[in-house]
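The file protein.cif contains mmCIF, C-alpha atoms:
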data_work
#
loop_
_atom_site.label_atom_id
_atom_site.label_comp_id
_atom_site.auth_asym_id
_atom_site.auth_seq_id
_atom_site.Cartn_x
_atom_site.Cartn_y
_atom_site.Cartn_z
CA MET O 264 0.00 0.00 0.00
CA LYS O 265 1.23 3.49 -0.90
CA LEU O 266 0.78 6.62 1.18
CA ARG O 267 -1.51 7.84 -1.60
CA ASP O 268 -3.84 4.89 -0.91
CA LEU O 269 -4.11 5.85 2.75
CA VAL O 270 -4.79 9.49 1.84
CA THR O 271 -7.50 8.37 -0.61
CA TYR O 272 -9.04 6.14 2.06
CA ARG O 273 -9.07 9.02 4.55
CA ASN O 274 -10.83 11.25 2.00
CA HIS O 275 -13.38 8.48 1.39
CA LEU O 276 -14.11 8.26 5.13
CA ILE O 277 -14.62 12.03 5.35
CA ASN O 278 -16.92 12.00 2.30
CA THR O 279 -18.95 9.15 3.82
CA LEU O 280 -19.34 11.01 7.11
CA GLN O 281 -20.20 14.39 5.58
CA VAL O 282 -22.28 13.36 2.58
CA ARG O 283 -23.62 9.83 2.83
CA LEU O 284 -24.58 9.46 6.49
CA ASN O 285 -27.76 11.49 6.76
CA PRO O 286 -29.46 12.05 10.14
CA THR O 287 -32.25 14.23 8.72
CA PRO O 288 -34.90 11.47 8.30
CA LEU O 289 -34.31 10.40 11.90
CA SER O 290 -34.75 13.96 13.11
CA ASP O 291 -37.86 14.40 10.99
CA ASN O 292 -39.41 11.14 12.22
CA SER O 293 -38.74 11.97 15.88
CA SER O 294 -40.31 15.40 15.46
CA ILE O 295 -43.38 14.03 13.66
CA ILE O 296 -43.97 11.32 16.25
CA ASP O 297 -43.56 13.74 19.15
CA LYS O 298 -46.26 15.95 17.64
CA LEU O 299 -48.48 12.91 17.11
CA SER O 300 -47.96 11.89 20.74
CA ARG O 301 -49.23 15.27 21.94
CA THR O 302 -52.29 15.01 19.68
CA THR O 303 -53.00 11.47 20.87
CA ALA O 304 -52.82 12.53 24.50
CA LYS O 305 -55.70 14.95 23.89
CA GLY O 306 -58.59 12.52 23.76
CA PHE O 307 -56.97 9.31 22.54
CA GLU O 308 -55.08 8.37 25.70
CA GLN O 309 -55.55 4.64 25.08
CA TYR O 310 -53.12 4.83 22.17
CA VAL O 311 -50.39 6.90 23.80
CA ASP O 312 -48.34 3.87 24.82
CA GLY O 313 -48.07 2.76 21.19
CA ILE O 314 -46.98 6.21 20.05
CA ASP O 315 -44.48 6.49 22.90
CA GLY O 316 -42.99 3.13 21.90
CA MET O 317 -42.36 4.45 18.38
CA SER O 318 -40.84 7.62 19.82
CA GLU O 319 -38.44 5.60 21.95
CA GLN O 320 -37.40 3.55 18.91
CA CYS O 321 -36.61 6.73 16.94
CA LYS O 322 -34.61 8.13 19.84
CA SER O 323 -32.70 4.86 20.15
CA ILE O 324 -31.91 4.87 16.42
CA ALA O 325 -30.83 8.54 16.62
CA SER O 326 -28.59 7.73 19.57
CA ALA O 327 -27.04 4.85 17.65
CA TYR O 328 -26.46 7.19 14.68
CA ASN O 329 -24.67 9.65 16.94
CA ASN O 330 -22.47 6.84 18.22
CA VAL O 331 -21.62 5.84 14.64
CA THR O 332 -20.66 9.41 13.68
CA GLU O 333 -18.39 9.69 16.71
CA ASP O 334 -16.79 6.36 15.82
CA PHE O 335 -16.24 7.68 12.28
CA LYS O 336 -14.47 10.76 13.65
CA VAL O 337 -12.25 8.61 15.87
CA LEU O 338 -11.35 6.38 12.91
CA ILE O 339 -10.55 9.41 10.72
CA GLU O 340 -8.27 10.83 13.44
CA ARG O 341 -6.52 7.46 13.68
CA VAL O 342 -5.96 7.34 9.91
CA GLU O 343 -4.69 10.94 9.91
CA LYS O 344 -2.17 10.17 12.66
CA ASP O 345 -0.93 7.23 10.60
CA ILE O 346 -0.64 9.48 7.52
CA ASP O 347 1.39 12.04 9.48
CA THR O 348 3.68 9.39 10.97
CA TRP O 349 4.20 7.71 7.61
CA SER O 350 4.77 10.98 5.74
CA ASP O 351 7.25 12.26 8.35
CA GLU O 352 9.30 9.08 7.94
CA MET O 353 8.95 8.93 4.15
CA PHE O 354 9.85 12.57 3.44
CA ASP O 355 12.47 13.10 6.13
CA ASN O 356 15.32 12.53 3.69
CA TYR O 357 13.77 15.14 1.38
CA GLN O 358 15.33 17.72 3.68
CA GLU O 359 18.47 17.40 1.57
CA ILE O 360 16.49 17.66 -1.68
CA PHE O 361 14.11 20.57 -1.08
CA THR O 362 16.41 23.39 -0.01
CA PHE O 363 16.82 27.02 -1.05
CA GLU O 364 18.95 25.88 -3.98
CA THR O 365 15.96 23.88 -5.24
CA ILE O 366 13.74 26.96 -5.33
CA ALA O 367 15.89 28.67 -7.96
CA ILE O 368 15.60 25.60 -10.20
CA LYS O 369 11.96 24.74 -9.59
CA LEU O 370 10.24 28.12 -9.71
CA ASN O 371 10.24 28.18 -13.50
CA THR O 372 8.23 24.93 -13.52
CA LEU O 373 5.19 26.66 -12.01
CA LYS O 374 2.34 26.84 -14.49
CA LEU O 375 -0.77 28.82 -13.52
CA SER O 376 -4.04 29.09 -15.39
CA ASP O 377 -5.49 32.55 -15.99
CA ASP O 378 -8.26 31.87 -13.47
CA VAL O 379 -5.77 30.91 -10.76
CA LYS O 380 -3.64 33.99 -11.50
CA LEU O 381 -6.67 36.23 -11.12
CA LYS O 382 -7.66 34.65 -7.80
CA ILE O 383 -4.16 35.14 -6.39
CA GLN O 384 -3.88 38.67 -7.76
CA ASP O 385 -7.23 39.57 -6.18
CA LYS O 386 -5.82 38.62 -2.77
CA ILE O 387 -2.71 40.71 -3.40
CA ILE O 388 -4.83 43.69 -4.42
CA LEU O 389 -6.91 43.25 -1.26
CA HIS O 390 -3.94 43.15 1.12
CA GLY O 391 -0.86 44.30 -0.79
CA SER O 392 -1.72 47.55 -2.52
CA ASN O 393 -1.67 49.95 0.44
CA TRP O 394 1.10 52.55 0.19
CA ARG O 395 0.86 53.22 3.93
CA TYR O 396 2.76 50.01 4.74
CA PRO O 397 5.95 48.30 3.60
CA GLY O 398 5.50 45.11 1.58
CA LEU O 399 7.72 42.07 1.14
CA GLN O 400 7.70 39.52 -1.69
CA PHE O 401 9.75 36.34 -1.43
CA PHE O 402 11.07 34.63 -4.58
CA PRO O 403 9.31 36.76 -7.24
CA THR O 404 9.06 34.74 -10.45
CA SER O 405 8.60 37.66 -12.86
CA VAL O 406 7.86 41.36 -13.20
CA GLU O 407 4.20 40.34 -13.46
CA TRP O 408 4.11 39.53 -9.73
CA VAL O 409 6.28 42.46 -8.66
CA LYS O 410 3.86 44.73 -10.50
CA THR O 411 0.99 43.74 -8.20
CA MET O 412 2.78 45.19 -5.15
CA VAL O 413 4.54 48.29 -6.48
CA SER O 414 2.27 50.66 -4.52
CA MET O 415 3.59 49.35 -1.19
CA ASP O 416 6.14 51.74 0.24
CA PRO O 417 8.82 50.62 0.42
CA LEU O 418 8.70 47.28 -1.38
CA TYR O 419 11.20 44.59 -0.40
CA LEU O 420 12.12 41.73 -2.74
CA ALA O 421 13.99 38.68 -1.49
CA GLY O 422 15.29 35.68 -3.42
CA THR O 423 18.13 33.25 -3.83
CA SER O 424 19.81 35.23 -6.64
CA LEU O 425 20.44 38.96 -6.90
CA THR O 426 20.82 38.60 -10.67
CA TYR O 427 17.39 37.02 -10.92
CA LEU O 428 15.83 39.74 -8.75
CA GLU O 429 17.42 42.47 -10.80
CA GLU O 430 16.13 40.80 -13.97
CA SER O 431 12.58 40.82 -12.59
CA ILE O 432 12.63 44.62 -12.14
CA LYS O 433 14.70 45.68 -15.16
CA ASP O 434 11.69 47.17 -16.96
CA TYR O 435 11.03 49.68 -14.20
CA PRO O 436 12.50 53.20 -14.30
CA LYS O 437 15.92 53.43 -12.65
CA GLN O 438 14.56 55.86 -10.10
CA TYR O 439 12.02 53.29 -8.90
CA GLN O 440 14.54 50.45 -8.96
CA ASN O 441 16.68 52.46 -6.56
CA ARG O 442 13.76 52.69 -4.14
CA LEU O 443 13.31 48.93 -3.98
CA ARG O 444 14.95 46.97 -1.15
CA ILE O 445 16.57 43.85 -2.59
CA TYR O 446 17.83 41.00 -0.43
CA LYS O 447 19.56 37.75 -1.24
CA ILE O 448 18.52 34.95 1.13
CA GLN O 449 19.77 31.39 1.35
CA THR O 450 18.59 30.52 4.85
CA VAL O 451 15.52 31.11 7.00
CA ASN O 452 17.30 33.89 8.88
CA PHE O 453 15.20 37.05 8.65
CA ALA O 454 17.22 39.14 11.12
CA ARG O 455 18.26 41.59 8.37
CA PHE O 456 14.67 42.55 7.59
CA PRO O 457 12.79 45.23 9.55
CA GLN O 458 10.94 43.52 12.37
CA GLN O 459 7.18 44.00 12.90
CA GLN O 460 6.96 46.49 10.03
CA PHE O 461 5.32 44.75 7.07
CA GLY O 462 1.64 45.13 6.28
CA PHE O 463 1.74 42.37 3.69
CA ILE O 464 4.08 39.49 2.78
CA PHE O 465 3.64 37.39 -0.35
CA CYS O 466 5.33 34.24 -1.60
CA LEU O 467 3.88 32.67 -4.74
CA GLY O 468 5.68 29.36 -5.09
CA GLY O 469 8.91 29.23 -3.14
CA LEU O 470 7.46 27.33 -0.19
CA LYS O 471 6.19 24.60 -2.50
CA PHE O 472 9.81 23.55 -2.94
CA LEU O 473 11.07 23.75 0.64
CA HIS O 474 11.09 20.80 3.00
CA SER O 475 8.40 21.00 5.67
CA LYS O 476 11.00 21.79 8.37
CA TYR O 477 12.18 24.86 6.44
CA LEU O 478 8.62 25.83 5.52
CA GLU O 479 7.56 25.81 9.16
CA LYS O 480 10.54 27.93 10.19
CA PHE O 481 9.73 30.29 7.32
CA VAL O 482 6.10 30.75 8.35
CA THR O 483 7.04 31.04 12.02
CA ARG O 484 9.68 33.72 11.46
CA ALA O 485 7.51 35.67 9.02
CA PHE O 486 5.20 36.28 11.99
CA GLY O 487 7.90 38.46 13.54
CA LEU O 488 8.17 40.56 10.37
CA LEU O 489 4.47 41.45 10.23
CA ARG O 490 2.81 44.35 11.97
CA PRO O 491 -0.25 43.48 14.06
CA GLY O 492 -3.00 43.01 11.49
CA GLY O 493 -0.49 42.22 8.72
CA VAL O 494 -1.27 39.41 6.28
CA PHE O 495 0.90 36.65 4.81
CA VAL O 496 -0.29 34.99 1.58
CA PHE O 497 1.68 32.05 0.18
CA GLY O 498 1.41 28.95 -1.95
CA TYR O 499 2.08 25.52 -0.48
CA ASN O 500 1.29 21.87 -1.14
CA ASN O 501 -1.83 20.47 0.47
CA CYS O 502 -0.98 16.81 -0.11
CA GLU O 503 -4.37 15.67 1.17
CA THR O 504 -5.35 15.49 -2.51
CA ASP O 505 -4.48 12.53 -4.74
CA VAL O 506 -2.67 14.55 -7.42
CA LEU O 507 -0.35 16.40 -5.03
CA ILE O 508 0.52 13.33 -2.95
CA ASP O 509 1.65 11.63 -6.19
CA SER O 510 3.79 14.65 -7.10
CA ALA O 511 5.35 14.62 -3.63
CA GLU O 512 6.15 10.91 -3.84
CA PHE O 513 7.82 11.51 -7.22
CA GLN O 514 9.90 14.29 -5.58
CA GLU O 515 8.44 16.95 -7.87
CA ILE O 516 7.22 19.03 -4.92
CA SER O 517 7.71 18.98 -1.16
CA TYR O 518 5.19 17.38 1.18
CA TYR O 519 2.85 19.36 3.41
CA SER O 520 -0.83 19.36 4.38
CA ASN O 521 -3.66 21.53 5.66
CA ARG O 522 -3.64 19.69 8.99
CA LYS O 523 0.00 20.52 9.57
CA LEU O 524 -0.52 24.15 8.55
CA ARG O 525 -3.56 24.60 10.81
CA ALA O 526 -1.60 23.20 13.75
CA LEU O 527 1.36 25.47 12.95
CA CYS O 528 -0.82 28.60 12.72
CA ASP O 529 -2.41 27.76 16.05
CA LYS O 530 1.01 27.26 17.64
CA VAL O 531 2.54 30.47 16.23
CA GLY O 532 -0.54 32.62 16.79
CA TYR O 533 -1.77 33.33 13.25
CA GLU O 534 -5.43 33.81 12.44
CA ILE O 535 -6.43 31.76 9.39
CA ILE O 536 -8.40 33.82 6.88
CA SER O 537 -8.56 31.00 4.33
CA LEU O 538 -6.81 27.85 3.12
CA GLU O 539 -7.85 27.30 -0.47
CA ASP O 540 -7.01 24.59 -2.99
CA LEU O 541 -6.50 26.03 -6.49
CA GLU O 542 -6.70 23.68 -9.46
CA GLY O 543 -3.33 22.94 -11.01
CA PHE O 544 -1.48 24.96 -8.37
CA GLY O 545 -2.12 23.53 -4.91
CA GLY O 546 -2.87 25.26 -1.64
CA LEU O 547 -3.00 29.01 -1.11
CA ALA O 548 -2.85 30.23 2.50
CA GLU O 549 -4.14 33.60 3.66
CA ILE O 550 -3.19 34.15 7.30
CA ARG O 551 -3.07 37.19 9.57
CA LYS O 552 -1.12 38.33 12.60
CA PRO O 553 -3.76 39.29 15.21
CA GLY O 554 -4.34 42.99 15.70
CA THR O 555 -5.19 46.08 13.67
CA LEU O 556 -2.94 47.68 11.07
CA THR O 557 -1.93 51.21 12.06
CA THR O 558 0.53 53.75 10.68
CA VAL O 559 1.59 57.35 11.18
CA LYS O 560 2.43 57.79 7.48
CA ALA O 561 0.42 60.74 6.18
CA HIS O 562 1.17 60.54 2.47
CA GLN O 563 3.21 58.75 -0.15
CA ALA O 564 6.01 60.21 -2.25
CA MET O 565 4.29 61.44 -5.39
CA ALA O 566 5.48 59.56 -8.47
CA GLN O 567 4.03 57.48 -11.28
CA ILE O 568 5.53 54.04 -11.80
CA LEU O 569 5.61 52.90 -15.41
CA VAL O 570 6.77 49.61 -16.85
CA LYS O 571 8.37 49.69 -20.29
#
Please lay out the structure from this file as structure tokens.
Amino acid sequence: MKLRDLVTYRNHLINTLQVRLNPTPLSDNSSIIDKLSRTTAKGFEQYVDGIDGMSEQCKSIASAYNNVTEDFKVLIERVEKDIDTWSDEMFDNYQEIFTFETIAIKLNTLKLSDDVKLKIQDKIILHGSNWRYPGLQFFPTSVEWVKTMVSMDPLYLAGTSLTYLEESIKDYPKQYQNRLRIYKIQTVNFARFPQQQFGFIFCLGGLKFLHSKYLEKFVTRAFGLLRPGGVFVFGYNNCETDVLIDSAEFQEISYYSNRKLRALCDKVGYEIISLEDLEGFGGLAEIRKPGTLTTVKAHQAMAQILVK
């Protein structure tokens, strides 16, 4: 049996619990019989015992249903623990494969449909277009993604290659390029960045190619870069789907899951806005540092930013 088979089985259990087991008829029957019992008691007392017997049967069946649903939940938790144990053991050696060096090679393999691009860009526009706050983008793949955050002031760009970063902004006027803060990073050490200053942090695909141990350090330390109320949006691999678990087993992407991410956010202190699966891309997380964004910045330097 492959890990994929266990993931598929877990998804089947969840589908059975949520979709196929239906308590509604039991609830309806109990309600109908209770009403009938009250009517019978008003003038037909000799038949109350028969109605009450039916009511007790419905309640007994409903109780048995509740026991079954709880047993389902326990079984699902057991399967999920086995998945986590198995995946931790299976992908532990991937720590040497999915490193920062991998990101530079793998980023160009990302292929996004127009619909997925629009969904991600909408989130950036929502959180990352406010000039009142600094913005930070990790591992920009092209000028297309830098463009979505140019109104943030200042804008920081961080990646594994300065040459690659400079290439992604070459079409901007020199004056604007000089305003950008460019950082080369090859570890999860964010001490050089301003702490608790960013209103928005974005990472399209870099975390899809980092081992889970690096990813968790990345997400944890990004918390210290955000202002209260700041948002972090990033792509990752929710390998609770059949397609992504296959890709992880073939070492095309790193392994992670929604369960692990939810537990991490709870541990670090993030509020989860949404965890969404996008077709052909994988998971997209939208998480917030608790609090309210505030600033004393009164206005932005007046300039128009044009791309050649």
| field | Long-range neighbours of Thr450 of chain O as an MDAnalysis selection string, 8 Å cut-off, all atoms listed in the file, 2 positions minimum in chain | value | chainID O and resid 363 448 452
| said: For a quick check of understanding, using all atoms listed in the file, which of O:His275, O:Lys386, O:Lys530, O:Lys523 has the smallest distance to Val342 of chain O? | reply: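 Selected residue with least distance to Val342 of chain O: O:His275.
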| field | Selection result of the PyMOL selection byres ((chain O and resi 485-497) around 7) on this file, as a count of residues only | value | 28
| said: Expand the PyMOL selection byres ((chain O and resi 280) around 12) into the explicit residue set it covers here, and present it as an MDAnalysis selection string. | reply: chainID O and resid 273:279 281:286 328:329 331:339
| task | Could you tell me which of O:His474, O:Ser405, O:Gly398, O:Lys344 comes closest to Arg444 of chain O if we count only C-alpha atoms? | result |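 Among the listed residues, the smallest separation from Arg444 of chain O belongs to O:Gly398.
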| query | Pick the closest to Leu418 of chain O from O:Thr348, O:Thr504, O:Thr404, O:Asn441: which is it, counting all atoms listed in the file? | reply |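 So, comparing all the options, the nearest one is O:Asn441.
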Fix up segment 349-360 of chain O with N, CA and C atoms, then write it as a PDB file, keeping the file's coordinate frame.
ATOM      1  N   TRP O 349       3.640   8.295   8.825  1.00  0.00           N
ATOM      2  CA  TRP O 349       4.200   7.710   7.610  1.00  0.00           C
ATOM      3  C   TRP O 349       4.878   8.781   6.760  1.00  0.00           C
ATOM      4  N   SER O 350       4.208   9.923   6.590  1.00  0.00           N
ATOM      5  CA  SER O 350       4.770  10.980   5.740  1.00  0.00           C
ATOM      6  C   SER O 350       6.029  11.580   6.358  1.00  0.00           C
ATOM      7  N   ASP O 351       6.048  11.738   7.689  1.00  0.00           N
ATOM      8  CA  ASP O 351       7.250  12.260   8.350  1.00  0.00           C
ATOM      9  C   ASP O 351       8.445  11.344   8.094  1.00  0.00           C
ATOM     10  N   GLU O 352       8.216  10.049   8.173  1.00  0.00           N
ATOM     11  CA  GLU O 352       9.300   9.080   7.940  1.00  0.00           C
ATOM     12  C   GLU O 352       9.697   9.054   6.461  1.00  0.00           C
ATOM     13  N   MET O 353       8.686   9.057   5.588  1.00  0.00           N
ATOM     14  CA  MET O 353       8.950   8.930   4.150  1.00  0.00           C
ATOM     15  C   MET O 353       9.699  10.138   3.592  1.00  0.00           C
ATOM     16  N   PHE O 354       9.305  11.353   4.038  1.00  0.00           N
ATOM     17  CA  PHE O 354       9.850  12.570   3.440  1.00  0.00           C
ATOM     18  C   PHE O 354      10.954  13.211   4.267  1.00  0.00           C
ATOM     19  N   ASP O 355      11.417  12.520   5.297  1.00  0.00           N
ATOM     20  CA  ASP O 355      12.470  13.100   6.130  1.00  0.00           C
ATOM     21  C   ASP O 355      13.750  13.329   5.338  1.00  0.00           C
ATOM     22  N   ASN O 356      14.085  12.377   4.476  1.00  0.00           N
ATOM     23  CA  ASN O 356      15.320  12.530   3.690  1.00  0.00           C
ATOM     24  C   ASN O 356      15.186  13.585   2.598  1.00  0.00           C
ATOM     25  N   TYR O 357      13.962  14.077   2.362  1.00  0.00           N
ATOM     26  CA  TYR O 357      13.770  15.140   1.380  1.00  0.00           C
ATOM     27  C   TYR O 357      14.351  16.462   1.861  1.00  0.00           C
ATOM     28  N   GLN O 358      14.744  16.493   3.136  1.00  0.00           N
ATOM     29  CA  GLN O 358      15.330  17.720   3.680  1.00  0.00           C
ATOM     30  C   GLN O 358      16.581  18.115   2.901  1.00  0.00           C
ATOM     31  N   GLU O 359      17.265  17.128   2.362  1.00  0.00           N
ATOM     32  CA  GLU O 359      18.470  17.400   1.570  1.00  0.00           C
ATOM     33  C   GLU O 359      18.136  17.728   0.120  1.00  0.00           C
ATOM     34  N   ILE O 360      16.891  17.444  -0.280  1.00  0.00           N
ATOM     35  CA  ILE O 360      16.490  17.660  -1.680  1.00  0.00           C
ATOM     36  C   ILE O 360      15.823  19.019  -1.847  1.00  0.00           C
TER      37      ILE O 360
END
